[in-house]
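Participant: Below you'll find entry.pdb; it's PDB, C-alpha atoms and all ligand atoms.
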```pdb
MODEL        1
ATOM      1  CA  MET U   1      30.193  37.308  -1.944
ATOM      2  CA  LYS U   2      28.496  38.680   1.140
ATOM      3  CA  VAL U   3      26.834  36.150   3.359
ATOM      4  CA  ASN U   4      24.169  37.092   5.839
ATOM      5  CA  LEU U   5      25.108  34.782   8.676
ATOM      6  CA  LYS U   6      22.139  35.532  10.881
ATOM      7  CA  LYS U   7      19.743  34.697   8.115
ATOM      8  CA  LEU U   8      21.617  31.567   7.216
ATOM      9  CA  PHE U   9      21.708  30.128  10.705
ATOM     10  CA  LYS U  10      18.208  31.122  11.737
ATOM     11  CA  LYS U  11      16.788  28.832   9.147
ATOM     12  CA  SER U  12      15.637  25.502  10.481
ATOM     13  CA  THR U  13      17.363  22.660   8.699
ATOM     14  CA  ASP U  14      16.923  18.917   8.662
ATOM     15  CA  HIS U  15      20.179  18.679  10.487
ATOM     16  CA  VAL U  16      18.842  20.494  13.524
ATOM     17  CA  GLU U  17      15.503  18.712  13.483
ATOM     18  CA  VAL U  18      17.108  15.298  13.506
ATOM     19  CA  ILE U  19      19.206  16.188  16.501
ATOM     20  CA  LYS U  20      16.235  17.608  18.416
ATOM     21  CA  LEU U  21      14.393  14.348  17.951
ATOM     22  CA  ASN U  22      17.153  12.177  19.064
ATOM     23  CA  ASN U  23      18.353  11.947  22.614
ATOM     24  CA  ASN U  24      21.009   9.424  21.715
ATOM     25  CA  MET U  25      23.690  11.813  20.592
ATOM     26  CA  PRO U  26      27.223  11.553  21.856
ATOM     27  CA  GLU U  27      27.986  13.712  24.855
ATOM     28  CA  GLU U  28      30.795  15.655  23.217
ATOM     29  CA  THR U  29      28.783  17.110  20.392
ATOM     30  CA  LYS U  30      25.397  17.889  21.866
ATOM     31  CA  ASP U  31      26.146  21.389  23.060
ATOM     32  CA  THR U  32      27.620  22.397  19.730
ATOM     33  CA  GLU U  33      24.568  21.377  17.790
ATOM     34  CA  GLU U  34      21.523  21.804  19.926
ATOM     35  CA  LYS U  35      21.440  23.115  23.465
ATOM     36  CA  SER U  36      18.095  21.568  24.297
ATOM     37  CA  VAL U  37      19.171  17.981  23.750
ATOM     38  CA  GLU U  38      18.554  16.024  26.914
ATOM     39  CA  LYS U  39      21.365  14.365  28.721
ATOM     40  CA  ASN U  40      22.571  11.793  26.318
ATOM     41  CA  SER U  41      21.919   8.233  27.349
ATOM     42  CA  ASP U  42      23.684   6.473  24.516
ATOM     43  CA  PHE U  43      27.191   7.531  25.247
ATOM     44  CA  ILE U  44      29.190   5.618  27.797
ATOM     45  CA  THR U  45      30.135   8.155  30.433
ATOM     46  CA  GLN U  46      33.163   8.385  32.634
ATOM     47  CA  GLN U  47      31.383   6.638  35.512
ATOM     48  CA  ASP U  48      31.924   2.957  36.195
ATOM     49  CA  THR U  49      28.401   1.987  35.290
ATOM     50  CA  THR U  50      26.015   2.856  32.522
ATOM     51  CA  VAL U  51      22.281   2.346  32.077
ATOM     52  CA  CYS U  52      21.130   0.926  28.770
ATOM     53  CA  PRO U  53      18.549   3.314  27.270
ATOM     54  CA  LYS U  54      16.613   0.416  25.783
ATOM     55  CA  CYS U  55      16.352  -2.253  28.500
ATOM     56  CA  LYS U  56      17.066   0.200  31.372
ATOM     57  CA  GLN U  57      19.416  -2.253  33.090
ATOM     58  CA  GLU U  58      22.629  -1.110  34.661
ATOM     59  CA  PHE U  59      25.927  -2.564  33.524
ATOM     60  CA  SER U  60      29.552  -1.966  34.236
ATOM     61  CA  LYS U  61      31.049   0.264  31.619
ATOM     62  CA  GLN U  62      33.776  -2.280  31.008
ATOM     63  CA  GLU U  63      31.257  -5.035  30.304
ATOM     64  CA  ILE U  64      29.682  -2.944  27.530
ATOM     65  CA  LYS U  65      33.071  -1.864  26.197
ATOM     66  CA  ASP U  66      34.254  -5.464  26.026
ATOM     67  CA  ASN U  67      31.149  -6.290  23.983
ATOM     68  CA  LEU U  68      31.892  -3.740  21.183
ATOM     69  CA  ASN U  69      29.694  -1.148  22.936
ATOM     70  CA  VAL U  70      26.637  -3.368  22.566
ATOM     71  CA  CYS U  71      24.295  -4.033  25.517
ATOM     72  CA  VAL U  72      24.909  -7.560  26.773
ATOM     73  CA  ALA U  73      21.230  -8.002  27.704
ATOM     74  CA  CYS U  74      19.172  -6.507  24.874
ATOM     75  CA  GLY U  75      21.680  -5.893  22.075
ATOM     76  CA  HIS U  76      21.254  -2.119  22.026
ATOM     77  CA  HIS U  77      24.074  -0.598  19.988
ATOM     78  CA  PHE U  78      25.784   2.270  21.814
ATOM     79  CA  VAL U  79      27.872   4.816  19.930
ATOM     80  CA  ILE U  80      31.315   3.438  19.077
ATOM     81  CA  SER U  81      34.405   5.471  18.233
ATOM     82  CA  ALA U  82      35.764   5.363  14.687
ATOM     83  CA  ASP U  83      39.000   3.946  16.003
ATOM     84  CA  LYS U  84      37.371   1.099  17.910
ATOM     85  CA  ARG U  85      35.099   0.275  14.992
ATOM     86  CA  MET U  86      38.051   0.139  12.624
ATOM     87  CA  LYS U  87      39.891  -2.183  15.013
ATOM     88  CA  SER U  88      36.858  -4.467  15.288
ATOM     89  CA  LEU U  89      36.668  -4.732  11.517
ATOM     90  CA  VAL U  90      40.141  -5.041  10.040
ATOM     91  CA  ASP U  91      42.959  -7.555  10.433
ATOM     92  CA  LYS U  92      45.298  -6.587  13.232
ATOM     93  CA  GLY U  93      48.057  -4.180  12.240
ATOM     94  CA  THR U  94      46.912  -3.794   8.623
ATOM     95  CA  PHE U  95      45.231  -0.375   8.776
ATOM     96  CA  LYS U  96      47.140   2.406   7.031
ATOM     97  CA  PRO U  97      45.485   5.832   6.984
ATOM     98  CA  LEU U  98      45.212   7.494   3.571
ATOM     99  CA  LYS U  99      47.107  10.749   3.333
ATOM    100  CA  CYS U 100      44.653  13.544   2.721
ATOM    101  CA  LYS U 101      45.477  16.836   4.314
ATOM    102  CA  VAL U 102      42.723  19.404   4.249
ATOM    103  CA  GLU U 103      43.362  22.919   5.489
ATOM    104  CA  LEU U 104      41.112  24.020   8.307
ATOM    105  CA  THR U 105      38.899  26.717   6.821
ATOM    106  CA  ASN U 106      36.091  28.842   8.149
ATOM    107  CA  PRO U 107      34.469  30.180   4.978
ATOM    108  CA  LEU U 108      31.541  31.878   6.733
ATOM    109  CA  GLU U 109      33.708  33.143   9.573
ATOM    110  CA  VAL U 110      31.537  31.458  12.167
ATOM    111  CA  PRO U 111      32.725  32.519  15.631
ATOM    112  CA  ASP U 112      34.741  29.831  17.465
ATOM    113  CA  TYR U 113      34.374  27.304  14.644
ATOM    114  CA  GLU U 114      38.127  26.786  14.235
ATOM    115  CA  ASP U 115      38.614  26.461  17.997
ATOM    116  CA  LYS U 116      35.844  23.899  18.129
ATOM    117  CA  ILE U 117      37.512  21.813  15.412
ATOM    118  CA  LEU U 118      40.890  22.048  17.121
ATOM    119  CA  SER U 119      39.468  20.923  20.465
ATOM    120  CA  LEU U 120      37.570  18.051  18.805
ATOM    121  CA  ARG U 121      40.777  16.940  17.118
ATOM    122  CA  GLU U 122      42.391  16.714  20.498
ATOM    123  CA  LYS U 123      39.432  14.998  22.125
ATOM    124  CA  THR U 124      38.762  12.388  19.431
ATOM    125  CA  GLY U 125      42.249  11.832  18.027
ATOM    126  CA  LEU U 126      40.729  12.319  14.560
ATOM    127  CA  ASP U 127      41.540  15.243  12.288
ATOM    128  CA  GLU U 128      37.956  15.281  10.979
ATOM    129  CA  ALA U 129      34.670  13.371  11.185
ATOM    130  CA  VAL U 130      35.951  10.493   9.071
ATOM    131  CA  LEU U 131      38.803   8.044   9.382
ATOM    132  CA  ALA U 132      39.884   6.513   6.071
ATOM    133  CA  GLY U 133      42.601   4.151   5.021
ATOM    134  CA  THR U 134      43.545   0.833   3.507
ATOM    135  CA  ALA U 135      43.378  -2.411   5.430
ATOM    136  CA  LYS U 136      42.895  -6.127   5.097
ATOM    137  CA  ILE U 137      39.662  -7.778   6.173
ATOM    138  CA  ASP U 138      40.111 -11.520   6.595
ATOM    139  CA  GLY U 139      43.045 -11.237   4.205
ATOM    140  CA  TYR U 140      41.227  -9.193   1.560
ATOM    141  CA  ASP U 141      42.557  -5.741   0.706
ATOM    142  CA  ALA U 142      40.055  -2.903   0.887
ATOM    143  CA  VAL U 143      39.669   0.820   1.349
ATOM    144  CA  VAL U 144      37.725   1.465   4.550
ATOM    145  CA  ALA U 145      36.271   4.771   5.746
ATOM    146  CA  VAL U 146      34.519   5.147   9.092
ATOM    147  CA  MET U 147      32.604   8.282  10.052
ATOM    148  CA  SER U 148      32.504   9.455  13.651
ATOM    149  CA  SER U 149      29.378  10.899  15.230
ATOM    150  CA  LYS U 150      31.630  12.174  18.013
ATOM    151  CA  PHE U 151      33.093  14.802  15.689
ATOM    152  CA  LEU U 152      30.472  17.556  15.207
ATOM    153  CA  MET U 153      27.812  14.891  14.809
ATOM    154  CA  GLY U 154      29.649  13.429  11.806
ATOM    155  CA  SER U 155      28.535  16.410   9.776
ATOM    156  CA  MET U 156      29.919  16.688   6.253
ATOM    157  CA  GLY U 157      31.885  19.804   5.441
ATOM    158  CA  ILE U 158      34.702  20.433   2.981
ATOM    159  CA  ALA U 159      37.185  18.182   4.786
ATOM    160  CA  VAL U 160      34.829  15.210   5.158
ATOM    161  CA  GLY U 161      33.791  15.537   1.501
ATOM    162  CA  GLU U 162      37.414  15.621   0.426
ATOM    163  CA  LYS U 163      38.436  12.662   2.580
ATOM    164  CA  ILE U 164      35.529  10.527   1.357
ATOM    165  CA  THR U 165      36.208  11.509  -2.273
ATOM    166  CA  ASN U 166      39.894  10.771  -1.818
ATOM    167  CA  ALA U 167      39.084   7.312  -0.414
ATOM    168  CA  VAL U 168      36.717   6.547  -3.322
ATOM    169  CA  GLU U 169      39.265   7.725  -5.900
ATOM    170  CA  TYR U 170      42.048   5.745  -4.257
ATOM    171  CA  ALA U 171      39.884   2.596  -4.327
ATOM    172  CA  ASP U 172      39.180   3.311  -8.002
ATOM    173  CA  ARG U 173      42.852   3.737  -8.905
ATOM    174  CA  LYS U 174      43.984   0.661  -6.993
ATOM    175  CA  LYS U 175      40.962  -1.461  -7.979
ATOM    176  CA  LEU U 176      40.107  -2.160  -4.364
ATOM    177  CA  PRO U 177      36.687  -2.727  -2.817
ATOM    178  CA  LEU U 178      35.364   0.254  -0.879
ATOM    179  CA  ILE U 179      33.606   0.066   2.479
ATOM    180  CA  ILE U 180      32.161   3.184   4.117
ATOM    181  CA  PHE U 181      30.527   3.261   7.549
ATOM    182  CA  THR U 182      28.303   6.312   7.742
ATOM    183  CA  ALA U 183      27.202   8.198  10.868
ATOM    184  CA  SER U 184      26.097  11.736  10.269
ATOM    185  CA  GLY U 185      23.648  14.448  11.181
ATOM    186  CA  GLY U 186      23.955  15.730   7.599
ATOM    187  CA  ALA U 187      25.619  18.717   6.016
ATOM    188  CA  ARG U 188      27.801  20.926   8.223
ATOM    189  CA  MET U 189      25.869  24.138   8.737
ATOM    190  CA  GLN U 190      28.982  26.054   9.709
ATOM    191  CA  GLU U 191      30.269  25.722   6.149
ATOM    192  CA  GLY U 192      27.018  26.780   4.490
ATOM    193  CA  ILE U 193      26.550  25.949   0.836
ATOM    194  CA  LEU U 194      30.081  24.583   0.551
ATOM    195  CA  SER U 195      28.965  21.650   2.696
ATOM    196  CA  LEU U 196      26.045  20.963   0.346
ATOM    197  CA  MET U 197      28.451  20.838  -2.596
ATOM    198  CA  GLN U 198      30.110  17.813  -0.994
ATOM    199  CA  MET U 199      27.006  15.801  -1.863
ATOM    200  CA  ALA U 200      27.637  16.286  -5.581
ATOM    201  CA  LYS U 201      31.370  15.814  -5.206
ATOM    202  CA  THR U 202      31.200  12.513  -3.307
ATOM    203  CA  SER U 203      28.350  11.197  -5.494
ATOM    204  CA  ALA U 204      30.283  11.941  -8.675
ATOM    205  CA  ALA U 205      33.301  10.046  -7.321
ATOM    206  CA  VAL U 206      31.117   7.050  -6.419
ATOM    207  CA  GLU U 207      29.541   7.071  -9.879
ATOM    208  CA  LYS U 208      32.939   6.991 -11.558
ATOM    209  CA  PHE U 209      34.058   4.186  -9.249
ATOM    210  CA  ASN U 210      30.856   2.306 -10.058
ATOM    211  CA  ASN U 211      31.268   2.794 -13.817
ATOM    212  CA  ASN U 212      34.745   1.342 -13.530
ATOM    213  CA  GLY U 213      33.331  -1.781 -11.907
ATOM    214  CA  GLY U 214      34.298  -1.103  -8.290
ATOM    215  CA  LEU U 215      32.513  -2.808  -5.383
ATOM    216  CA  TYR U 216      31.118  -0.394  -2.807
ATOM    217  CA  ILE U 217      29.643  -1.687   0.448
ATOM    218  CA  SER U 218      27.839   1.029   2.386
ATOM    219  CA  VAL U 219      27.184   0.406   6.078
ATOM    220  CA  LEU U 220      24.640   2.725   7.672
ATOM    221  CA  THR U 221      25.003   3.271  11.406
ATOM    222  CA  HIS U 222      23.076   5.380  13.881
ATOM    223  CA  PRO U 223      22.310   8.053  12.794
ATOM    224  CA  THR U 224      22.687   8.397   9.020
ATOM    225  CA  THR U 225      20.698  11.442   7.977
ATOM    226  CA  GLY U 226      20.572  14.576   5.842
ATOM    227  CA  GLY U 227      23.133  15.212   3.124
ATOM    228  CA  VAL U 228      25.096  12.029   3.780
ATOM    229  CA  THR U 229      21.982   9.888   3.275
ATOM    230  CA  ALA U 230      21.216  11.959   0.193
ATOM    231  CA  SER U 231      24.651  11.262  -1.296
ATOM    232  CA  PHE U 232      27.248   8.510  -0.903
ATOM    233  CA  ALA U 233      25.541   6.618   1.969
ATOM    234  CA  THR U 234      22.759   5.358  -0.286
ATOM    235  CA  LEU U 235      24.827   4.746  -3.420
ATOM    236  CA  GLY U 236      26.355   1.430  -2.344
ATOM    237  CA  ASP U 237      26.174  -1.723  -4.441
ATOM    238  CA  ILE U 238      25.336  -3.456  -1.191
ATOM    239  CA  THR U 239      23.802  -1.553   1.708
ATOM    240  CA  LEU U 240      24.116  -2.943   5.210
ATOM    241  CA  ALA U 241      22.920  -1.331   8.439
ATOM    242  CA  GLU U 242      23.416  -1.754  12.161
ATOM    243  CA  PRO U 243      20.269  -2.668  14.124
ATOM    244  CA  ASP U 244      17.851   0.114  15.073
ATOM    245  CA  ALA U 245      19.883   2.870  13.389
ATOM    246  CA  LEU U 246      18.010   6.008  12.369
ATOM    247  CA  ILE U 247      18.323   6.254   8.585
ATOM    248  CA  GLY U 248      16.566   9.003   6.709
ATOM    249  CA  PHE U 249      16.821  12.436   5.155
ATOM    250  CA  ALA U 250      14.561  14.678   7.216
ATOM    251  CA  GLY U 251      13.712  13.578  10.738
ATOM    252  CA  PRO U 252      10.392  11.879  11.567
ATOM    253  CA  ARG U 253       8.949  14.956  13.302
ATOM    254  CA  VAL U 254       9.555  17.166  10.303
ATOM    255  CA  ILE U 255       7.834  14.614   8.085
ATOM    256  CA  GLU U 256       4.909  14.256  10.503
ATOM    257  CA  GLN U 257       4.420  18.008  10.554
ATOM    258  CA  THR U 258       4.647  18.219   6.778
ATOM    259  CA  ILE U 259       2.216  15.447   5.890
ATOM    260  CA  GLY U 260      -0.021  15.884   8.941
ATOM    261  CA  GLN U 261      -0.080  12.171   9.682
ATOM    262  CA  LYS U 262       1.214   9.897  12.416
ATOM    263  CA  LEU U 263       4.136   7.823  11.211
ATOM    264  CA  PRO U 264       4.224   4.039  11.671
ATOM    265  CA  GLU U 265       6.216   2.490  14.495
ATOM    266  CA  GLY U 266       9.918   2.005  13.761
ATOM    267  CA  PHE U 267       9.762   4.520  10.918
ATOM    268  CA  GLN U 268      13.227   5.247   9.465
ATOM    269  CA  ARG U 269      14.909   2.601  11.582
ATOM    270  CA  SER U 270      17.171   0.002   9.925
ATOM    271  CA  GLU U 271      14.627  -2.814  10.076
ATOM    272  CA  PHE U 272      11.934  -0.570   8.553
ATOM    273  CA  GLN U 273      14.334   0.486   5.783
ATOM    274  CA  GLN U 274      15.182  -3.143   5.089
ATOM    275  CA  ALA U 275      11.482  -4.059   4.880
ATOM    276  CA  HIS U 276      11.033  -1.203   2.387
ATOM    277  CA  GLY U 277      13.999  -2.068   0.211
ATOM    278  CA  PHE U 278      16.488   0.635   1.170
ATOM    279  CA  VAL U 279      18.744  -1.702   3.142
ATOM    280  CA  ASP U 280      19.870  -5.149   2.002
ATOM    281  CA  GLN U 281      20.680  -6.593   5.398
ATOM    282  CA  VAL U 282      20.653  -5.510   9.036
ATOM    283  CA  VAL U 283      23.840  -6.823  10.613
ATOM    284  CA  PRO U 284      24.649  -6.730  14.348
ATOM    285  CA  ARG U 285      28.035  -5.253  15.183
ATOM    286  CA  ASP U 286      29.574  -8.568  16.257
ATOM    287  CA  LYS U 287      28.678 -10.119  12.888
ATOM    288  CA  MET U 288      29.831  -7.170  10.767
ATOM    289  CA  ARG U 289      33.388  -8.293  10.125
ATOM    290  CA  GLU U 290      32.437 -11.816   9.006
ATOM    291  CA  THR U 291      29.553 -10.476   6.872
ATOM    292  CA  ILE U 292      31.811  -8.009   5.061
ATOM    293  CA  ALA U 293      34.545 -10.640   4.690
ATOM    294  CA  HIS U 294      31.950 -12.966   3.161
ATOM    295  CA  ILE U 295      30.876 -10.313   0.632
ATOM    296  CA  LEU U 296      34.514  -9.582  -0.251
ATOM    297  CA  ARG U 297      35.141 -13.288  -0.735
ATOM    298  CA  LEU U 298      32.104 -13.641  -3.033
ATOM    299  CA  HIS U 299      33.365 -10.742  -5.162
ATOM    300  CA  SER U 300      37.004 -11.747  -5.140
ATOM    301  CA  LYS U 301      38.598 -13.191  -8.245
ATOM    302  CA  ARG U 302      40.901 -15.423  -6.318
ATOM    303  CA  GLY U 303      38.176 -16.834  -4.066
ATOM    304  CA  ARG U 304      39.339 -19.185  -1.379
TER
HETATM  305 ZN    ZN M 401      20.032  -3.093  26.992
ENDMDL
END
```
Any chance you could give the structure as structure tokens?
Ligand SMILES: [Zn+2]

Facilitator:
Amino acid sequence: MKVNLKKLFKKSTDHVEVIKLNNNMPEETKDTEEKSVEKNSDFITQQDTTVCPKCKQEFSKQEIKDNLNVCVACGHHFVISADKRMKSLVDKGTFKPLKCKVELTNPLEVPDYEDKILSLREKTGLDEAVLAGTAKIDGYDAVVAVMSSKFLMGSMGIAVGEKITNAVEYADRKKLPLIIFTASGGARMQEGILSLMQMAKTSAAVEKFNNNGGLYISVLTHPTTGGVTASFATLGDITLAEPDALIGFAGPRVIEQTIGQKLPEGFQRSEFQQAHGFVDQVVPRDKMRETIAHILRLHSKRGR
């Protein structure tokens, strides 16, 4: 099969549009996705202080870090690493990563793609844009997967699709509840149509898990867009979201241009999605662990 790369990458996609609209992308990934993104204000930089993009107050970096990367004044949720999120969620020392080795491939032979992945692996400590494993949450066993927006904007390619599917299938085999935190710009353009196929693959795994009676809690974090929204992110039995997260398929500007109308305030944000029935509950980061533990307890046979 011959692929015309130029043609493929010239095409504007939802993925690109979402990133153009959003100046809250993590520092590490902005140059790989969209050169025109303004200096990111949501990522805690190497300096000692950071300015909250919402309330514009300056805080010590440590103060924000100690508060789960949430602004101590206004509650703005900064980007959090997959590792830190996992630690904030699961019982200490209980996380065991699921074994799922996926070969690094470059099906469209995109220049520098493999180097980019290798350098991101080093930078983030993750092998791909999702961290998945088993853990206990308040004593309850679960399979937990956390996506990282710091790894190529959490885009879903072959490896992410495989790791998510593997986590769902493991939860199905072991009869464990499944919790997935999503953060994604959508399908990974560098892997072309193979990235789109991950939507069907992950969705099919979730359907099987669902048919077998599994409990799936989906937690949408900023941003959850494109192919991830259009697949496993919105297939949860219970859908939670972090405050003010962008949740949608195409970005607001694309929609505005298409329908020729001004969109309402807060469009596609968590609270808007909750008001319109797409999200069951908006949960601040510091309440996430107890909320999930509560849901696990309600669905547990042994109760407490
Ligand atoms: Zn603030």

Participant: Taking (44.6, -0.8, 11.2) in the file's coordinates, which residues come within 12 Å, counting all atoms listed in the file, written as a PDB file with C-alpha atoms, keeping the file's coordinate frame?

Facilitator:
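Written file, part30.pdb:
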```
ATOM      1  CA  ALA U  82      35.764   5.363  14.687  1.00  0.00           C
ATOM      2  CA  ASP U  83      39.000   3.946  16.003  1.00  0.00           C
ATOM      3  CA  LYS U  84      37.371   1.099  17.910  1.00  0.00           C
ATOM      4  CA  ARG U  85      35.099   0.275  14.992  1.00  0.00           C
ATOM      5  CA  MET U  86      38.051   0.139  12.624  1.00  0.00           C
ATOM      6  CA  LYS U  87      39.891  -2.183  15.013  1.00  0.00           C
ATOM      7  CA  SER U  88      36.858  -4.467  15.288  1.00  0.00           C
ATOM      8  CA  LEU U  89      36.668  -4.732  11.517  1.00  0.00           C
ATOM      9  CA  VAL U  90      40.141  -5.041  10.040  1.00  0.00           C
ATOM     10  CA  ASP U  91      42.959  -7.555  10.433  1.00  0.00           C
ATOM     11  CA  LYS U  92      45.298  -6.587  13.232  1.00  0.00           C
ATOM     12  CA  GLY U  93      48.057  -4.180  12.240  1.00  0.00           C
ATOM     13  CA  THR U  94      46.912  -3.794   8.623  1.00  0.00           C
ATOM     14  CA  PHE U  95      45.231  -0.375   8.776  1.00  0.00           C
ATOM     15  CA  LYS U  96      47.140   2.406   7.031  1.00  0.00           C
ATOM     16  CA  PRO U  97      45.485   5.832   6.984  1.00  0.00           C
ATOM     17  CA  LEU U  98      45.212   7.494   3.571  1.00  0.00           C
ATOM     18  CA  LEU U 131      38.803   8.044   9.382  1.00  0.00           C
ATOM     19  CA  ALA U 132      39.884   6.513   6.071  1.00  0.00           C
ATOM     20  CA  GLY U 133      42.601   4.151   5.021  1.00  0.00           C
ATOM     21  CA  THR U 134      43.545   0.833   3.507  1.00  0.00           C
ATOM     22  CA  ALA U 135      43.378  -2.411   5.430  1.00  0.00           C
ATOM     23  CA  LYS U 136      42.895  -6.127   5.097  1.00  0.00           C
ATOM     24  CA  ILE U 137      39.662  -7.778   6.173  1.00  0.00           C
ATOM     25  CA  ASP U 141      42.557  -5.741   0.706  1.00  0.00           C
ATOM     26  CA  ALA U 142      40.055  -2.903   0.887  1.00  0.00           C
ATOM     27  CA  VAL U 143      39.669   0.820   1.349  1.00  0.00           C
ATOM     28  CA  VAL U 144      37.725   1.465   4.550  1.00  0.00           C
ATOM     29  CA  ALA U 145      36.271   4.771   5.746  1.00  0.00           C
ATOM     30  CA  VAL U 146      34.519   5.147   9.092  1.00  0.00           C
TER      31      VAL U 146
END
```

Participant: Which of these residues is nearest to ligand ZN 401 (chain M), using all atoms listed in the file: U:Gly213, U:Pro53, U:Gly260, U:Gly186?

Facilitator: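 Closest to ligand ZN 401 (chain M), using all atoms listed in the file: U:Pro53.
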
Participant: Counting only C-alpha atoms and all ligand atoms, name the residues that have an atom within 9 Å of an atom of ligand ZN 401 (chain M); the answer should be given as a ChimeraX atom specification.

Facilitator: /U:51-59,70-77

Participant: Kindly export the residues of the current selection with C-alpha atoms, as a PDB file, in the coordinates of the input.

Facilitator:
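Written out: again35.pdb:
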```pdb
ATOM      1  CA  VAL U  51      22.281   2.346  32.077  1.00  0.00           C
ATOM      2  CA  CYS U  52      21.130   0.926  28.770  1.00  0.00           C
ATOM      3  CA  PRO U  53      18.549   3.314  27.270  1.00  0.00           C
ATOM      4  CA  LYS U  54      16.613   0.416  25.783  1.00  0.00           C
ATOM      5  CA  CYS U  55      16.352  -2.253  28.500  1.00  0.00           C
ATOM      6  CA  LYS U  56      17.066   0.200  31.372  1.00  0.00           C
ATOM      7  CA  GLN U  57      19.416  -2.253  33.090  1.00  0.00           C
ATOM      8  CA  GLU U  58      22.629  -1.110  34.661  1.00  0.00           C
ATOM      9  CA  PHE U  59      25.927  -2.564  33.524  1.00  0.00           C
ATOM     10  CA  VAL U  70      26.637  -3.368  22.566  1.00  0.00           C
ATOM     11  CA  CYS U  71      24.295  -4.033  25.517  1.00  0.00           C
ATOM     12  CA  VAL U  72      24.909  -7.560  26.773  1.00  0.00           C
ATOM     13  CA  ALA U  73      21.230  -8.002  27.704  1.00  0.00           C
ATOM     14  CA  CYS U  74      19.172  -6.507  24.874  1.00  0.00           C
ATOM     15  CA  GLY U  75      21.680  -5.893  22.075  1.00  0.00           C
ATOM     16  CA  HIS U  76      21.254  -2.119  22.026  1.00  0.00           C
ATOM     17  CA  HIS U  77      24.074  -0.598  19.988  1.00  0.00           C
TER      18      HIS U  77
END
```

Participant: Could you tell me, as a PyMOL selection string, exactly which residues end up selected when the PyMOL selection byres (((chain U and resi 278) around 12) and not hetatm) is applied to this structure?

Facilitator: chain U and resi 218-220+229+233-241+247-248+268-277+279-282

Participant: Expand the PyMOL selection byres (((chain U and resi 223) around 6) and not hetatm) into the individual residues it matches in the shown file, reporting them as a list in words.

Facilitator: Ala183, Ser184, Thr221, His222, Thr224, Ala245 and Leu246 of chain U

Participant: Filtering to C-alpha atoms, could you give me those residues as a compact mmCIF listing (two decimals), keeping the file's coordinate frame?

Facilitator:
```
# COMPACT_ATOMS: atom_id res chain seq x y z
CA ALA U 183 27.20 8.20 10.87
CA SER U 184 26.10 11.74 10.27
CA THR U 221 25.00 3.27 11.41
CA HIS U 222 23.08 5.38 13.88
CA THR U 224 22.69 8.40 9.02
CA ALA U 245 19.88 2.87 13.39
CA LEU U 246 18.01 6.01 12.37
```

Participant: When you count all atoms listed in the file, which of these residues is closest to Phe78 of chain U: U:Tyr216, U:Gln261, U:Asp172, U:Thr50?

Facilitator: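 Residue with the minimum atom-to-atom distance to Phe78 of chain U: U:Thr50.
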
Participant: Which residues fall under the PyMOL selection byres (((chain U and resi 105-116) around 9) and not hetatm) in this file, as a PyMOL selection string?

Facilitator: chain U and resi 3+5+32+102-104+117-121+152+158-159+190-192+194

Participant: What does the structure give for the distance between atom CA of Asp286 of chain U and atom CA of Ile179 of chain U, in Å to one decimal?

Facilitator: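 Separation between atom CA of Asp286 of chain U and atom CA of Ile179 of chain U: 16.8 Å.
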
Participant: Which residue out of U:Gly139, U:Pro284, U:Pro252, U:Gly161 has the minimum interatomic distance to Ser231 of chain U when only C-alpha atoms are used?

Facilitator: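 Smallest distance to Ser231 of chain U is found for U:Gly161.
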
Participant: Between atom CA of Tyr140 of chain U and atom CA of Leu296 of chain U, measure the distance and give it in Å to one decimal.

Facilitator: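 Separating atom CA of Tyr140 of chain U from atom CA of Leu296 of chain U is a distance of 7.0 Å.
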
Participant: How big is the axis-aligned box around all listed atoms of segment 77-83 of chain U once 5 Å goes on each side, and where's its centre, in Å to one decimal, as JSON?

Facilitator:
```
{"center_x": 31.5, "center_y": 2.4, "center_z": 18.3, "size_x": 24.9, "size_y": 16.1, "size_z": 17.1}
```

Participant: What does the distance between atom CA of Glu265 of chain U and atom CA of Thr182 of chain U come to in Å, to one decimal place?

Facilitator: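 Going from atom CA of Glu265 of chain U over to atom CA of Thr182 of chain U covers 23.4 Å.
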
Participant: Between U:Gly157, U:Phe232, U:Ala167, U:Thr225, which one has atoms that come closest to Leu196 of chain U, using all atoms listed in the file?

Facilitator: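 Distance minimum relative to Leu196 of chain U lands on U:Gly157.
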